[in-house]
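Colleague: query03.txt (compact mmCIF, C-alpha atoms) pasted underneath:
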```txt
# COMPACT_ATOMS: atom_id res chain seq x y z
CA MET A 1 12.46 33.71 -9.56
CA ASP A 2 11.03 31.34 -6.95
CA ASN A 3 10.28 32.73 -3.52
CA PRO A 4 12.57 31.69 -0.63
CA LEU A 5 11.09 29.12 1.74
CA ALA A 6 10.89 29.44 5.50
CA PRO A 7 12.96 26.84 7.40
CA GLY A 8 11.25 23.52 8.04
CA LEU A 9 10.37 20.17 6.54
CA TYR A 10 8.32 20.08 3.33
CA ILE A 11 6.59 16.79 2.40
CA VAL A 12 6.35 16.96 -1.40
CA ALA A 13 4.22 14.58 -3.46
CA THR A 14 5.80 13.72 -6.82
CA PRO A 15 4.34 12.20 -10.02
CA ILE A 16 3.58 8.48 -10.13
CA GLY A 17 4.14 8.43 -13.87
CA ASN A 18 3.20 11.52 -15.84
CA LEU A 19 5.57 14.38 -15.01
CA SER A 20 2.83 16.87 -15.85
CA ASP A 21 1.07 15.81 -12.63
CA LEU A 22 3.66 17.67 -10.54
CA SER A 23 1.88 20.70 -9.14
CA PRO A 24 3.30 24.22 -9.68
CA ARG A 25 3.62 24.56 -5.90
CA ALA A 26 5.59 21.30 -5.66
CA ALA A 27 7.92 22.41 -8.48
CA ASP A 28 8.42 25.79 -6.81
CA THR A 29 9.20 24.07 -3.49
CA LEU A 30 11.81 21.81 -5.08
CA ARG A 31 13.47 24.77 -6.81
CA SER A 32 13.44 26.92 -3.67
CA CYS A 33 14.44 24.49 -0.93
CA ASP A 34 17.96 24.21 0.48
CA ARG A 35 18.14 20.42 0.37
CA VAL A 36 16.14 17.47 -0.99
CA LEU A 37 15.81 14.18 0.90
CA ALA A 38 15.33 11.48 -1.74
CA GLU A 39 14.56 7.77 -1.45
CA ASP A 40 16.78 7.03 -4.45
CA LYS A 41 18.93 9.94 -5.66
CA ARG A 42 19.33 8.45 -9.14
CA VAL A 43 15.56 8.35 -9.65
CA SER A 44 14.94 11.79 -8.16
CA ALA A 45 17.74 13.44 -10.15
CA LYS A 46 15.59 13.12 -13.31
CA LEU A 47 12.67 14.91 -11.66
CA LEU A 48 14.83 17.69 -10.25
CA ALA A 49 16.44 18.24 -13.64
CA HIS A 50 12.98 18.38 -15.24
CA VAL A 51 11.89 21.29 -13.00
CA GLY A 52 15.27 23.01 -12.91
CA ALA A 53 15.92 22.32 -9.22
CA THR A 54 19.56 22.48 -8.15
CA ALA A 55 19.39 21.81 -4.40
CA PRO A 56 21.81 19.13 -3.16
CA MET A 57 20.29 15.73 -2.38
CA THR A 58 20.67 13.46 0.64
CA ALA A 59 19.48 9.85 0.59
CA TYR A 60 16.73 9.13 3.12
CA HIS A 61 15.09 5.70 3.22
CA ASP A 62 14.13 2.76 5.46
CA HIS A 63 17.76 2.04 6.29
CA SER A 64 18.73 5.60 7.28
CA SER A 65 20.21 5.70 10.78
CA GLU A 66 18.91 7.58 13.79
CA ALA A 67 22.10 9.67 13.70
CA GLU A 68 21.34 10.69 10.11
CA ARG A 69 17.79 11.60 11.13
CA ASP A 70 19.13 13.74 13.98
CA ARG A 71 21.43 15.59 11.55
CA ILE A 72 18.49 16.34 9.28
CA VAL A 73 16.34 17.59 12.17
CA GLU A 74 19.14 19.88 13.30
CA MET A 75 19.28 21.29 9.77
CA LEU A 76 15.59 22.26 9.91
CA GLY A 77 16.36 25.09 12.31
CA ASP A 78 17.60 27.33 9.53
CA LYS A 79 17.05 25.46 6.25
CA ALA A 80 14.09 24.42 4.12
CA VAL A 81 14.32 20.67 3.48
CA ALA A 82 12.04 18.84 1.02
CA LEU A 83 11.24 15.13 1.50
CA ILE A 84 10.26 13.20 -1.63
CA SER A 85 9.83 9.51 -2.47
CA ASP A 86 10.59 7.79 -5.78
CA ALA A 87 6.97 8.38 -6.85
CA GLY A 88 3.79 9.61 -5.22
CA THR A 89 3.19 10.90 -1.71
CA PRO A 90 5.95 10.33 0.85
CA LEU A 91 5.06 8.27 3.96
CA ILE A 92 2.46 6.22 2.00
CA SER A 93 4.23 2.83 2.01
CA ASP A 94 7.48 4.82 2.03
CA PRO A 95 9.87 5.96 4.76
CA GLY A 96 9.30 9.25 6.52
CA TYR A 97 7.00 9.10 9.52
CA LYS A 98 9.90 8.87 11.99
CA LEU A 99 11.43 11.99 10.49
CA VAL A 100 8.13 13.89 10.72
CA ARG A 101 7.73 12.78 14.33
CA ALA A 102 11.30 13.84 15.20
CA ALA A 103 10.88 17.19 13.43
CA ARG A 104 7.70 17.96 15.37
CA ALA A 105 9.33 16.92 18.65
CA ALA A 106 12.15 19.39 17.92
CA GLY A 107 9.69 22.20 17.25
CA ALA A 108 10.41 22.42 13.52
CA ALA A 109 7.69 23.47 11.09
CA VAL A 110 6.28 20.65 8.94
CA HIS A 111 4.37 21.42 5.72
CA THR A 112 2.69 19.12 3.20
CA ILE A 113 2.59 19.78 -0.55
CA PRO A 114 -0.18 17.36 -1.60
CA GLY A 115 -0.35 15.62 -4.94
CA PRO A 116 -0.38 12.19 -6.62
CA CYS A 117 -0.90 8.98 -4.62
CA ALA A 118 -1.20 5.61 -6.37
CA ALA A 119 -3.56 4.18 -3.74
CA ILE A 120 -6.08 7.01 -4.12
CA ALA A 121 -5.73 7.09 -7.90
CA ALA A 122 -6.48 3.35 -8.10
CA LEU A 123 -9.60 3.79 -5.97
CA THR A 124 -10.92 6.30 -8.48
CA LEU A 125 -10.41 3.80 -11.32
CA ALA A 126 -11.71 0.63 -9.66
CA GLY A 127 -15.43 1.30 -9.51
CA LEU A 128 -15.61 -0.18 -6.00
CA PRO A 129 -17.01 1.40 -2.80
CA THR A 130 -14.86 4.28 -1.56
CA ASP A 131 -16.82 5.49 1.46
CA ARG A 132 -14.61 3.28 3.65
CA PHE A 133 -11.26 1.82 2.62
CA LEU A 134 -8.14 0.41 4.24
CA PHE A 135 -4.69 0.83 2.75
CA ALA A 136 -2.58 -2.18 3.76
CA GLY A 137 0.64 -1.67 1.78
CA PHE A 138 2.36 -4.84 0.52
CA LEU A 139 1.39 -8.35 1.60
CA PRO A 140 4.19 -10.43 3.19
CA VAL A 141 6.33 -12.45 0.80
CA LYS A 142 6.23 -15.76 2.69
CA ALA A 143 3.08 -17.85 2.19
CA LYS A 144 2.27 -18.44 5.86
CA ALA A 145 2.66 -14.79 6.84
CA ARG A 146 0.70 -13.72 3.76
CA SER A 147 -2.21 -16.03 4.63
CA GLU A 148 -2.25 -14.74 8.20
CA ALA A 149 -2.27 -11.14 6.99
CA ILE A 150 -5.16 -11.86 4.62
CA ALA A 151 -7.09 -13.59 7.42
CA GLU A 152 -6.73 -10.42 9.51
CA LEU A 153 -8.08 -8.33 6.64
CA ALA A 154 -11.02 -10.66 5.90
CA GLY A 155 -13.32 -9.13 8.50
CA VAL A 156 -12.61 -5.51 7.62
CA ARG A 157 -15.86 -4.05 6.32
CA ALA A 158 -14.25 -1.72 3.81
CA SER A 159 -12.57 -1.83 0.43
CA LEU A 160 -8.94 -2.94 0.65
CA VAL A 161 -6.07 -1.27 -1.19
CA LEU A 162 -2.78 -3.14 -1.62
CA TYR A 163 0.44 -2.58 -3.55
CA GLU A 164 2.14 -5.39 -5.44
CA SER A 165 4.90 -6.10 -7.95
CA GLY A 166 4.31 -7.76 -11.31
CA PRO A 167 6.16 -11.04 -10.59
CA ARG A 168 4.23 -11.56 -7.34
CA LEU A 169 0.79 -10.48 -8.57
CA GLY A 170 -0.58 -13.91 -9.59
CA GLU A 171 0.52 -15.55 -6.35
CA SER A 172 -0.95 -12.76 -4.25
CA LEU A 173 -4.26 -12.86 -6.11
CA ARG A 174 -4.49 -16.64 -5.58
CA ALA A 175 -3.91 -16.17 -1.85
CA LEU A 176 -6.47 -13.37 -1.71
CA ALA A 177 -9.04 -15.47 -3.57
CA ALA A 178 -8.46 -18.36 -1.14
CA GLY A 179 -8.68 -16.11 1.90
CA LEU A 180 -11.41 -13.66 0.89
CA GLY A 181 -13.56 -15.62 -1.54
CA PRO A 182 -14.98 -14.32 -4.86
CA ARG A 183 -15.02 -10.62 -4.01
CA ASP A 184 -15.08 -7.99 -6.74
CA ALA A 185 -11.63 -6.52 -7.30
CA ALA A 186 -9.52 -4.44 -9.64
CA VAL A 187 -5.88 -4.49 -10.72
CA ALA A 188 -4.61 -1.05 -11.73
CA ARG A 189 -1.16 -0.52 -13.20
CA GLU A 190 0.90 2.08 -15.00
CA ILE A 191 -1.41 4.74 -13.55
CA SER A 192 -1.10 8.10 -15.39
CA LYS A 193 1.31 6.58 -17.92
CA LEU A 194 0.79 5.80 -21.62
CA PHE A 195 -0.32 2.21 -21.03
CA GLU A 196 -2.52 2.81 -17.98
CA GLU A 197 -4.78 -0.19 -17.37
CA CYS A 198 -7.44 -1.15 -14.84
CA VAL A 199 -8.74 -4.73 -15.09
CA THR A 200 -11.79 -5.68 -13.02
CA GLY A 201 -13.36 -9.00 -12.05
CA THR A 202 -13.65 -11.33 -9.08
CA LEU A 203 -10.52 -12.36 -7.20
CA PRO A 204 -10.57 -15.90 -8.69
CA GLU A 205 -11.01 -14.45 -12.20
CA LEU A 206 -8.12 -12.06 -11.76
CA ALA A 207 -5.96 -14.78 -10.21
CA ALA A 208 -6.54 -16.93 -13.29
CA ARG A 209 -5.84 -14.04 -15.66
CA TYR A 210 -2.47 -13.22 -14.12
CA ALA A 211 -1.42 -16.76 -13.14
CA ASP A 212 1.03 -17.14 -16.02
CA ALA A 213 1.16 -13.58 -17.31
CA PRO A 214 2.87 -11.27 -14.82
CA PRO A 215 2.34 -7.67 -15.93
CA LYS A 216 4.93 -4.93 -15.93
CA GLY A 217 4.83 -1.73 -13.95
CA GLU A 218 3.74 -0.60 -10.50
CA ILE A 219 0.51 -2.31 -9.45
CA VAL A 220 -2.33 -1.46 -7.09
CA MET A 221 -4.96 -4.03 -6.13
CA VAL A 222 -8.36 -2.80 -4.92
CA ILE A 223 -10.69 -5.37 -3.34
CA GLY A 224 -14.33 -4.74 -2.57
CA PRO A 225 -15.70 -5.10 0.98
CA PRO A 226 -17.30 -8.32 2.21
CA GLY A 227 -21.01 -8.77 1.54
CA GLU A 228 -23.67 -8.63 4.18
CA ARG A 229 -23.52 -11.59 6.52
CA GLU A 230 -26.21 -14.19 6.01
CA ALA A 231 -27.33 -16.70 8.58
CA VAL A 232 -25.28 -19.90 8.24
CA SER A 233 -26.53 -23.07 9.90
CA ASP A 234 -24.24 -25.28 11.99
CA GLU A 235 -24.70 -28.00 9.38
CA GLU A 236 -23.46 -25.72 6.57
CA LEU A 237 -20.51 -24.59 8.66
CA ASP A 238 -19.55 -28.14 9.62
CA SER A 239 -19.78 -29.34 6.02
CA ALA A 240 -17.54 -26.53 4.79
CA LEU A 241 -15.08 -27.10 7.63
CA ASP A 242 -14.86 -30.85 7.05
CA ASP A 243 -13.98 -30.23 3.42
CA ALA A 244 -11.35 -27.63 4.32
CA LEU A 245 -9.87 -29.69 7.17
CA ALA A 246 -9.24 -32.54 4.75
CA ARG A 247 -6.75 -30.23 3.01
CA LEU A 248 -5.62 -27.70 5.56
CA SER A 249 -4.62 -27.15 9.18
CA PRO A 250 -7.41 -25.98 11.56
CA SER A 251 -6.10 -22.42 11.45
CA ARG A 252 -5.93 -22.17 7.66
CA ALA A 253 -9.19 -24.08 7.23
CA ALA A 254 -10.91 -21.64 9.57
CA ALA A 255 -9.54 -18.65 7.66
CA GLU A 256 -10.73 -20.07 4.33
CA VAL A 257 -14.21 -20.97 5.57
CA ALA A 258 -14.66 -17.72 7.49
CA ALA A 259 -13.90 -15.78 4.31
CA SER A 260 -16.09 -17.91 2.04
CA LEU A 261 -19.09 -17.89 4.41
CA ASN A 262 -18.48 -14.34 5.67
CA LEU A 263 -18.39 -15.44 9.31
CA PRO A 264 -16.31 -14.25 12.27
CA ARG A 265 -12.99 -16.10 12.17
CA LYS A 266 -12.99 -16.65 15.95
CA ARG A 267 -16.26 -18.60 15.80
CA VAL A 268 -15.12 -20.68 12.84
CA TYR A 269 -11.71 -21.45 14.37
CA ALA A 270 -13.28 -22.67 17.60
CA ARG A 271 -15.53 -24.98 15.61
CA ALA A 272 -12.58 -26.14 13.48
CA LEU A 273 -10.71 -27.20 16.61
CA GLU A 274 -13.72 -29.20 17.75
CA ARG A 275 -14.13 -30.90 14.36
CA SER A 276 -10.45 -31.75 14.10
CA GLY A 277 -10.17 -33.03 17.67
CA ALA A 278 -7.26 -30.65 18.28
```
Please lay out the structure from this file as structure tokens.

Modeller:
Amino acid sequence: MDNPLAPGLYIVATPIGNLSDLSPRAADTLRSCDRVLAEDKRVSAKLLAHVGATAPMTAYHDHSSEAERDRIVEMLGDKAVALISDAGTPLISDPGYKLVRAARAAGAAVHTIPGPCAAIAALTLAGLPTDRFLFAGFLPVKAKARSEAIAELAGVRASLVLYESGPRLGESLRALAAGLGPRDAAVAREISKLFEECVTGTLPELAARYADAPPKGEIVMVIGPPGEREAVSDEELDSALDDALARLSPSRAAAEVAASLNLPRKRVYARALERSGA
């Protein structure tokens, strides 16, 4: 029989594909807790049935109200409550940090039951530098916002980890190739499942591969860090800018050239304004 749990909030990582990846401690926690907070109760019901957990479930997600959060925090005074997401580690591109913050403010105990995380798993598959990395979640859906987000990431001297859906993968890879240049990258999908796949190449190569062939499954993109900056003459910069300005606005031209020449975007944008007469 599972041991009773002390009152508090338990952050429980769940499998991202293979149910065997659920740790014995996580299974014990789910069987022993008084309530489970689930992102989607229909999805989580399968996992709970698999481990023989019978605790009642409450939906907790991005749209949960502050009043609902307050009710949960009040419950933590005398009940053990487990927070899970649909797959992987809660709070990693999933709701939850506000609940953790509120629980701590109320003096409730907060425990983590570590386990699978798609972002970390993809890093282990990609064969790209892992000494420094930035997890950036999902890129914006709209083209302008997506380009601006990529421009912000261009100067980060670390590997980048992003989530994406199959239908949007080709479009996102094209935008990343335009904004970051021909960096090495990897597309990992179906991690820990039967058809696990990790495809590597440069961003333009991957954009071409997935342009008309959207894959199925949950997808993680890993992008290598920018190369070492090389000295770029004013003539080289102006030539690249003139070509880009013939097609793009000063802002987007600067983002493209800064990524391709590995230069600070601020410097390139200032020069783009001069060249365009803006």

Colleague: Kindly indicate which residue among A:Leu19, A:Ala118, A:Ala255, A:Leu76 lies nearest to Gly181 (chain A), using only C-alpha atoms for the distances.

Modeller: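 Counting only C-alpha atoms, the residue closest to Gly181 (chain A) is A:Ala255.
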
Colleague: For CA of Asn262 (chain A) and CA of Arg157 (chain A), determine how far apart the two atoms are, in Å to one decimal place.

Modeller: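 Separation of CA of Asn262 (chain A) and CA of Arg157 (chain A): 10.6 Å.
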
Colleague: When you look at region 134-149 of chain A with a cut-off of 12 Å (counting only C-alpha atoms), what residues show up, excluding the ones that are within fewer than 3 positions of it in the same chain? I need them as a PyMOL selection string.

Modeller: chain A and resi 91-94+117-120+122-123+129-131+152-165+167-169+171-180+218-225+249+251-256+259+265

Colleague: Which of these residues is nearest to His111 (chain A), using only C-alpha atoms: A:Val81, A:Leu206, A:Met75, A:Ile150?

Modeller: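 Using only C-alpha atoms, the shortest distance to His111 (chain A) belongs to A:Val81.
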
Colleague: Nearest to Val43 (chain A): which of A:Asp86, A:Glu190, A:Glu197, A:Glu235 is it, counting only C-alpha atoms?

Modeller: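 For Val43 (chain A), the nearest of the given residues is A:Asp86.
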
Colleague: Near Leu99 (chain A), within 9 Å and counting all atoms listed in the file, which residues show up once chain neighbours fewer than 2 positions away are dropped, as a PyMOL selection string?

Modeller: chain A and resi 69-70+72-73+95-97+101-104

Colleague: Measure the distance from CA of Thr54 (chain A) to CA of Leu9 (chain A) in Å and round it to one decimal.

Modeller: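 Distance reported for this atom pair: 17.5 Å.
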
Colleague: Adding 5 Å on each side of the box along x, y and z that holds all listed atoms of region 252-265 of chain A, could you give its centre and edge lengths in Å to one decimal, as JSON?

Modeller:
```
{"center_x": -12.5, "center_y": -19.2, "center_z": 7.2, "size_x": 23.2, "size_y": 19.8, "size_z": 20.2}
```

Colleague: How many Å separate CA of Val187 (chain A) from CA of Ile16 (chain A)?

Modeller: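 Those two atoms sit 16.1 Å apart.
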
Colleague: Would you kindly return, as a list in words, each protein, DNA or RNA residue with an atom no farther than 8 Å from any atom of Ala38 (chain A), considering all atoms listed in the file and excluding same-chain residues fewer than 5 positions away?

Modeller: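 Close residues of Ala38 (chain A): Ser44, Met57, Thr58, Ala59, Tyr60, His61, Leu83, Ile84, Ser85 and Asp86 of chain A.
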
Colleague: Could region 222-240 of chain A be completed with N, CA, C and O atoms and written as a CSV table (one decimal), keeping the file's coordinate frame, please?

Modeller:
```csv
chain,number,residue,atom,x,y,z
A,222,VAL,N,-7.2,-3.3,-5.7
A,222,VAL,CA,-8.4,-2.8,-4.9
A,222,VAL,C,-9.4,-3.9,-4.8
A,222,VAL,O,-9.8,-4.5,-5.8
A,223,ILE,N,-9.8,-4.2,-3.6
A,223,ILE,CA,-10.7,-5.4,-3.3
A,223,ILE,C,-11.9,-4.8,-2.6
A,223,ILE,O,-11.8,-4.1,-1.6
A,224,GLY,N,-13.1,-5.2,-3.1
A,224,GLY,CA,-14.3,-4.7,-2.6
A,224,GLY,C,-14.6,-5.3,-1.2
A,224,GLY,O,-14.0,-6.3,-0.8
A,225,PRO,N,-15.4,-4.6,-0.4
A,225,PRO,CA,-15.7,-5.1,1.0
A,225,PRO,C,-16.5,-6.4,1.0
A,225,PRO,O,-17.1,-6.8,0.0
A,226,PRO,N,-16.5,-7.1,2.1
A,226,PRO,CA,-17.3,-8.3,2.2
A,226,PRO,C,-18.8,-8.0,2.1
A,226,PRO,O,-19.2,-6.9,2.5
A,227,GLY,N,-19.6,-9.0,1.6
A,227,GLY,CA,-21.0,-8.8,1.5
A,227,GLY,C,-21.7,-8.8,2.9
A,227,GLY,O,-21.0,-9.1,3.9
A,228,GLU,N,-22.9,-8.5,2.9
A,228,GLU,CA,-23.7,-8.6,4.2
A,228,GLU,C,-23.7,-10.1,4.7
A,228,GLU,O,-23.9,-11.0,3.9
A,229,ARG,N,-23.5,-10.2,6.0
A,229,ARG,CA,-23.5,-11.6,6.5
A,229,ARG,C,-24.9,-12.2,6.5
A,229,ARG,O,-25.9,-11.6,6.8
A,230,GLU,N,-25.0,-13.4,6.0
A,230,GLU,CA,-26.2,-14.2,6.0
A,230,GLU,C,-26.1,-15.3,7.1
A,230,GLU,O,-25.1,-15.7,7.4
A,231,ALA,N,-27.3,-15.7,7.6
A,231,ALA,CA,-27.3,-16.7,8.6
A,231,ALA,C,-26.8,-18.0,8.0
A,231,ALA,O,-27.2,-18.4,6.9
A,232,VAL,N,-25.9,-18.6,8.7
A,232,VAL,CA,-25.3,-19.9,8.2
A,232,VAL,C,-25.6,-20.9,9.3
A,232,VAL,O,-25.2,-20.7,10.5
A,233,SER,N,-26.2,-22.0,8.9
A,233,SER,CA,-26.5,-23.1,9.9
A,233,SER,C,-25.3,-23.8,10.4
A,233,SER,O,-24.2,-23.8,9.7
A,234,ASP,N,-25.4,-24.5,11.5
A,234,ASP,CA,-24.2,-25.3,12.0
A,234,ASP,C,-23.9,-26.4,11.0
A,234,ASP,O,-22.7,-26.7,10.8
A,235,GLU,N,-24.9,-26.9,10.3
A,235,GLU,CA,-24.7,-28.0,9.4
A,235,GLU,C,-23.9,-27.5,8.2
A,235,GLU,O,-23.0,-28.2,7.7
A,236,GLU,N,-24.2,-26.3,7.7
A,236,GLU,CA,-23.5,-25.7,6.6
A,236,GLU,C,-22.0,-25.4,7.0
A,236,GLU,O,-21.1,-25.7,6.2
A,237,LEU,N,-21.9,-24.9,8.2
A,237,LEU,CA,-20.5,-24.6,8.7
A,237,LEU,C,-19.7,-25.9,8.8
A,237,LEU,O,-18.5,-25.9,8.4
A,238,ASP,N,-20.3,-26.9,9.4
A,238,ASP,CA,-19.6,-28.1,9.6
A,238,ASP,C,-19.2,-28.8,8.3
A,238,ASP,O,-18.1,-29.3,8.2
A,239,SER,N,-20.1,-28.7,7.3
A,239,SER,CA,-19.8,-29.3,6.0
A,239,SER,C,-18.6,-28.6,5.3
A,239,SER,O,-17.7,-29.3,4.8
A,240,ALA,N,-18.6,-27.3,5.4
A,240,ALA,CA,-17.5,-26.5,4.8
A,240,ALA,C,-16.2,-26.8,5.5
A,240,ALA,O,-15.2,-26.9,4.9
```
